[in-house]
Amino acid sequence: MVWLIILLTVTILHAIVLSVFVLLEQRKPVATLAWILILLFIPIFGAVFYYLFGRMRFERRRRLRASSLTQLDLELAELELDMGPEGSVSRALDISSMPGISGLFDAHFDEHDPGKAPAAPLLTPTEQKLFEQNQPLITLARRVVDMPLVRGNHLDVLNNAEHKFDTVAEEIAKATHHIHMIYYIFRSDKTGTWIRDLLIERAKEGVKVRVLYDWIGSLELAQDFWKPLTDVGADCVPFLPLRFPYAWRKSQLNFRNHRKVVIVDGLVGFTGGINVGDEYRGLDPAYGYWRDSHVRIEGPAVLQLQQVFVEDWCYATGDMLVDAEYYPKTQKEVGQELVQMIASGPDQPWYSIHLLFFLSITSAHQKVWITTPYFIPDDSILTALESAALRGVDVRLLLPGKLDMSIVLYAGRSYYKSLLRAGVRIYEYEKGLLHAKTMVVDRRCGTIGSANMDIRSFHLNFELNAFVYSESFAASLEESFLQDILDAKEIDLISFVQRPWSQKFAEASARLLSPIL
């Protein structure tokens, strides 16, 4: 009996202490109250649930990131001095201390005189127009993630997995120095085995291969799947595995690496929404046709992709990849696109992708067209979409008609009524499973990446999106959007409000779980 009283007392005290931590996290009042009630009324379950899913920030990784990036930034600063061809201006644009267009480039124009302005014009007329149109976005991105705008890039949108994997396979076959990958899901099926075997062939030729896969997303991987690859010298590492008895200290089930990145020799990169598995190629009958998008990148923006990989690899392994060969000086201007690679995650002080999505919507003048498979907006994004539509912006959402997680589908539909009343046009894709994640704003800016339009992507996952300030790139995303809505059904407000009460109840119930879906 005494031991029971002691256990009960300790449990209650522990719940009270955790409640204090929840208060200090300064969440929204409703979320704070919900967590405190859970911790106090079901203390044992509540404490376990909080440790695994409750914390909103990853303080340990943030501290490690801050310390490790000091060295990384110093290394990259020296490399950037000679990024371009001799005599040319730097391709990195820095607006952190700029009152206007003048003085746009970073202070590495001339490695002998960093303060000397270049003789060549800073921007072409087209670039200057795009910069002026997108300056609030560019400035915000520079300040929240410290990632400069880079010019001279070429991007190809890869619609659907066959196109993506064939292109990735071509680049892997040409690799001579290194191949770096990050994937949320990597399956040990036909597709996963094919990609692994391609990597084995390059590793046998002396190419350094590194694969970082999310432990939860790739939980179904066969235990010995990576052995043939590691046997030839490759490194394959899980991101945030749950390891007892230290799970409470380091591992967080709620913080997952949702990024999809491939980098070949520091010259060509890929990112987007397509993981590695048969279902993404439409080979799984349970899903059928799978509609997705990815992007192939050439140019200086690839070095920003490399920096994201280096940071994640450093945290997972402790290995700092700051050697010059990972940031090749042979990188050159290959196109016209202005690009910023935006990484977001719970290790950062700002929810950067959330902020950029919000500003993109609120600054739009003509159109905002969004494609996303998981649609669970928070209050700020919901208000931004509604207010944009109410002031006459053409706001359209292309969402899935079916999904691999029905509860997420129902939660998303619970937001339709207010959006439709505001004038937002909503389409549900019917040809197959929609998984693409893109947004177009006024044909001046487009983004493609791993982030969904949901709370998990905004606040909990490690995500990566390419923000591209280019009329041609935005036009290509527009074209894909218009093609996709031919295979979609537009939702009508009158018909929607007349749906069965059972469906309304399911949607309202699913909405309660929105913060953790």
# chains A, B, ... in the order shown; residues from 1 in each chain; ligands from 1

$ residues_around --residues "Tyr289 (chain A)" --least-positions-apart "4" --cutoff "8 Å" --atoms "only C-alpha atoms" --output "PDB file with C-alpha atoms, in the first residue's frame"
ATOM      1  CA  ARG A 281       5.366   3.934 -59.925  1.00  0.00           C
ATOM      2  CA  GLY A 282       1.776   2.697 -59.952  1.00  0.00           C
ATOM      3  CA  LYS A 431      -7.851   9.371 -61.731  1.00  0.00           C
ATOM      4  CA  GLY A 432      -5.746   7.820 -58.976  1.00  0.00           C
ATOM      5  CA  LEU A 433      -3.952   8.824 -55.799  1.00  0.00           C
TER       6      LEU A 433
END

$ closest_atom_pairs --of "region 253-275 of chain A" --to "region 450-466 of chain A" --cutoff "9 Å" --atoms "only C-alpha atoms" --output "tab-separated table"
residue	atom	partner	partner_atom	distance
A:Asn254	CA	A:Leu460	CA	6.6
A:Phe255	CA	A:Asn461	CA	5.3
A:Arg256	CA	A:Asn461	CA	5.0
A:Asn257	CA	A:Phe462	CA	4.6
A:His258	CA	A:Glu463	CA	5.6
A:Arg259	CA	A:Glu463	CA	5.1
A:Lys260	CA	A:Ser450	CA	6.7
A:Val261	CA	A:Leu464	CA	8.6
A:Thr271	CA	A:Ser450	CA	7.5
A:Gly272	CA	A:Ser450	CA	5.2
A:Gly273	CA	A:Ser450	CA	4.8
A:Ile274	CA	A:Ser450	CA	8.2

$ residues_around --residues "Tyr416 (chain A)" --least-positions-apart "3" --cutoff "12 Å" --atoms "only C-alpha atoms" --output "NGL selection string"
:A and (375-377 or 382 or 385-386 or 396-399 or 409-413 or 419-428 or 490-497 or 504 or 507-508 or 511)

$ write_last_selection --atoms "N, CA and C atoms" --output "JSON list (two decimals), in the first residue's frame"
[["chain", "number", "residue", "atom", "x", "y", "z"],
["A", 375, "PHE", "N", -4.22, 17.91, -46.67],
["A", 375, "PHE", "CA", -4.68, 19.29, -46.48],
["A", 375, "PHE", "C", -5.32, 19.43, -45.10],
["A", 376, "ILE", "N", -4.52, 19.92, -44.15],
["A", 376, "ILE", "CA", -5.02, 20.22, -42.81],
["A", 376, "ILE", "C", -4.42, 21.57, -42.41],
["A", 377, "PRO", "N", -5.01, 22.66, -42.88],
["A", 377, "PRO", "CA", -4.42, 23.98, -42.63],
["A", 377, "PRO", "C", -4.62, 24.41, -41.18],
["A", 382, "LEU", "N", -5.64, 28.95, -43.23],
["A", 382, "LEU", "CA", -7.05, 28.95, -43.60],
["A", 382, "LEU", "C", -7.54, 30.38, -43.82],
["A", 385, "LEU", "N", -6.08, 31.84, -47.11],
["A", 385, "LEU", "CA", -6.77, 31.35, -48.31],
["A", 385, "LEU", "C", -8.13, 32.02, -48.47],
["A", 386, "GLU", "N", -8.87, 32.11, -47.38],
["A", 386, "GLU", "CA", -10.21, 32.70, -47.46],
["A", 386, "GLU", "C", -10.13, 34.19, -47.80],
["A", 396, "ARG", "N", -7.33, 28.23, -55.99],
["A", 396, "ARG", "CA", -7.78, 26.88, -56.33],
["A", 396, "ARG", "C", -6.96, 25.86, -55.55],
["A", 397, "LEU", "N", -7.65, 24.84, -55.09],
["A", 397, "LEU", "CA", -7.02, 23.73, -54.38],
["A", 397, "LEU", "C", -7.30, 22.45, -55.13],
["A", 398, "LEU", "N", -6.25, 21.72, -55.46],
["A", 398, "LEU", "CA", -6.38, 20.39, -56.05],
["A", 398, "LEU", "C", -5.99, 19.38, -54.98],
["A", 399, "LEU", "N", -6.97, 18.61, -54.52],
["A", 399, "LEU", "CA", -6.81, 17.71, -53.39],
["A", 399, "LEU", "C", -7.20, 16.29, -53.82],
["A", 409, "LEU", "N", -8.07, 12.43, -45.02],
["A", 409, "LEU", "CA", -9.00, 12.88, -46.05],
["A", 409, "LEU", "C", -10.23, 13.52, -45.41],
["A", 410, "TYR", "N", -10.78, 12.86, -44.40],
["A", 410, "TYR", "CA", -11.96, 13.40, -43.71],
["A", 410, "TYR", "C", -11.64, 14.71, -42.99],
["A", 411, "ALA", "N", -10.48, 14.77, -42.35],
["A", 411, "ALA", "CA", -10.10, 16.00, -41.65],
["A", 411, "ALA", "C", -9.99, 17.16, -42.64],
["A", 412, "GLY", "N", -9.40, 16.91, -43.79],
["A", 412, "GLY", "CA", -9.27, 17.96, -44.80],
["A", 412, "GLY", "C", -10.61, 18.46, -45.30],
["A", 413, "ARG", "N", -11.56, 17.55, -45.49],
["A", 413, "ARG", "CA", -12.87, 17.95, -45.99],
["A", 413, "ARG", "C", -13.64, 18.80, -44.99],
["A", 419, "LEU", "N", -14.15, 27.51, -46.90],
["A", 419, "LEU", "CA", -13.35, 27.88, -48.08],
["A", 419, "LEU", "C", -14.24, 28.10, -49.30],
["A", 420, "LEU", "N", -15.20, 27.21, -49.52],
["A", 420, "LEU", "CA", -16.11, 27.35, -50.66],
["A", 420, "LEU", "C", -16.94, 28.61, -50.53],
["A", 421, "ARG", "N", -17.39, 28.92, -49.31],
["A", 421, "ARG", "CA", -18.17, 30.14, -49.10],
["A", 421, "ARG", "C", -17.36, 31.39, -49.41],
["A", 422, "ALA", "N", -16.06, 31.33, -49.18],
["A", 422, "ALA", "CA", -15.19, 32.48, -49.46],
["A", 422, "ALA", "C", -14.88, 32.62, -50.95],
["A", 423, "GLY", "N", -15.17, 31.59, -51.72],
["A", 423, "GLY", "CA", -14.91, 31.65, -53.16],
["A", 423, "GLY", "C", -13.73, 30.82, -53.62],
["A", 424, "VAL", "N", -13.15, 30.03, -52.74],
["A", 424, "VAL", "CA", -12.06, 29.12, -53.13],
["A", 424, "VAL", "C", -12.65, 27.98, -53.96],
["A", 425, "ARG", "N", -12.00, 27.67, -55.06],
["A", 425, "ARG", "CA", -12.44, 26.54, -55.90],
["A", 425, "ARG", "C", -11.65, 25.30, -55.50],
["A", 426, "ILE", "N", -12.38, 24.23, -55.20],
["A", 426, "ILE", "CA", -11.77, 23.00, -54.71],
["A", 426, "ILE", "C", -12.07, 21.87, -55.69],
["A", 427, "TYR", "N", -11.00, 21.14, -56.04],
["A", 427, "TYR", "CA", -11.13, 19.99, -56.94],
["A", 427, "TYR", "C", -10.60, 18.75, -56.22],
["A", 428, "GLU", "N", -11.29, 17.63, -56.43],
["A", 428, "GLU", "CA", -10.80, 16.35, -55.90],
["A", 428, "GLU", "C", -10.40, 15.45, -57.07],
["A", 490, "GLU", "N", -14.90, 19.09, -59.50],
["A", 490, "GLU", "CA", -14.99, 20.31, -58.71],
["A", 490, "GLU", "C", -16.09, 20.16, -57.66],
["A", 491, "ILE", "N", -15.79, 20.59, -56.44],
["A", 491, "ILE", "CA", -16.73, 20.48, -55.34],
["A", 491, "ILE", "C", -17.68, 21.67, -55.37],
["A", 492, "ASP", "N", -18.97, 21.38, -55.35],
["A", 492, "ASP", "CA", -20.01, 22.42, -55.37],
["A", 492, "ASP", "C", -20.52, 22.65, -53.95],
["A", 493, "LEU", "N", -20.62, 23.90, -53.53],
["A", 493, "LEU", "CA", -21.01, 24.22, -52.16],
["A", 493, "LEU", "C", -22.39, 23.68, -51.82],
["A", 494, "ILE", "N", -23.35, 23.85, -52.70],
["A", 494, "ILE", "CA", -24.71, 23.41, -52.41],
["A", 494, "ILE", "C", -24.76, 21.89, -52.21],
["A", 495, "SER", "N", -24.11, 21.17, -53.11],
["A", 495, "SER", "CA", -24.08, 19.70, -52.98],
["A", 495, "SER", "C", -23.30, 19.27, -51.75],
["A", 496, "PHE", "N", -22.23, 20.01, -51.45],
["A", 496, "PHE", "CA", -21.38, 19.61, -50.33],
["A", 496, "PHE", "C", -22.11, 19.73, -48.99],
["A", 497, "VAL", "N", -22.86, 20.80, -48.79],
["A", 497, "VAL", "CA", -23.55, 20.97, -47.51],
["A", 497, "VAL", "C", -24.69, 19.97, -47.34],
["A", 504, "LYS", "N", -20.50, 14.08, -42.23],
["A", 504, "LYS", "CA", -20.18, 15.30, -41.49],
["A", 504, "LYS", "C", -19.60, 14.96, -40.12],
["A", 507, "GLU", "N", -16.02, 13.71, -40.49],
["A", 507, "GLU", "CA", -15.11, 14.82, -40.78],
["A", 507, "GLU", "C", -14.83, 15.65, -39.53],
["A", 508, "ALA", "N", -15.87, 15.94, -38.77],
["A", 508, "ALA", "CA", -15.70, 16.73, -37.55],
["A", 508, "ALA", "C", -14.85, 15.99, -36.53],
["A", 511, "ARG", "N", -11.24, 16.04, -37.56],
["A", 511, "ARG", "CA", -10.66, 17.38, -37.40],
["A", 511, "ARG", "C", -10.07, 17.57, -35.99]]

$ atom_distance --atom1 "CA of Ala364 (chain A)" --atom2 "CA of Val308 (chain A)"
28.5 Å

$ select_by_dssp --residues "region 259-321 of chain A" --states "alpha helix (DSSP H)" --output "ChimeraX atom specification"
/A:301-317

$ select_by_dssp --residues "region 402-443 of chain A" --states "strand (DSSP E or B)" --output "ChimeraX atom specification"
/A:425-429,433-434,438-441

$ atom_distance --atom1 "CA of Glu298 (chain A)" --atom2 "CA of Asp189 (chain A)"
29.5 Å

$ residues_around --residues "Tyr213 (chain A)" --least-positions-apart "5" --cutoff "7 Å" --atoms "only C-alpha atoms" --output "list in words"
Ile182, Tyr183, Tyr184, Ile185, Phe186, Ser218, Val237, Pro238 and Phe239 of chain A

$ write_last_selection --atoms "C-alpha atoms" --output "short mmCIF file (atom, residue, chain, number, x, y, z; two decimals), in the first residue's frame"
data_model
loop_
_atom_site.label_atom_id
_atom_site.label_comp_id
_atom_site.auth_asym_id
_atom_site.auth_seq_id
_atom_site.Cartn_x
_atom_site.Cartn_y
_atom_site.Cartn_z
CA ILE A 182 17.67 11.41 -48.22
CA TYR A 183 14.32 9.60 -48.32
CA TYR A 184 11.41 9.42 -45.95
CA ILE A 185 10.28 6.08 -47.41
CA PHE A 186 12.67 3.59 -48.99
CA SER A 218 11.16 3.15 -43.81
CA VAL A 237 22.03 5.43 -41.88
CA PRO A 238 18.56 5.72 -40.28
CA PHE A 239 17.35 9.14 -39.17
#

$ residues_around --residues "Trp350 (chain A)" --least-positions-apart "6" --cutoff "9 Å" --atoms "only C-alpha atoms" --output "list of chain:residue names"
A:Val144, A:Val145, A:Ser344

$ residues_around --residues "Val262 (chain A)" --least-positions-apart "6" --cutoff "6 Å" --atoms "only C-alpha atoms" --output "short mmCIF file (atom, residue, chain, number, x, y, z; two decimals) with C-alpha atoms, in the first residue's frame"
data_model
loop_
_atom_site.label_atom_id
_atom_site.label_comp_id
_atom_site.auth_asym_id
_atom_site.auth_seq_id
_atom_site.Cartn_x
_atom_site.Cartn_y
_atom_site.Cartn_z
CA HIS A 180 23.93 11.51 -51.55
CA MET A 181 20.32 10.57 -50.80
CA GLY A 269 20.12 17.43 -57.64
CA PHE A 270 16.57 16.20 -57.21
#
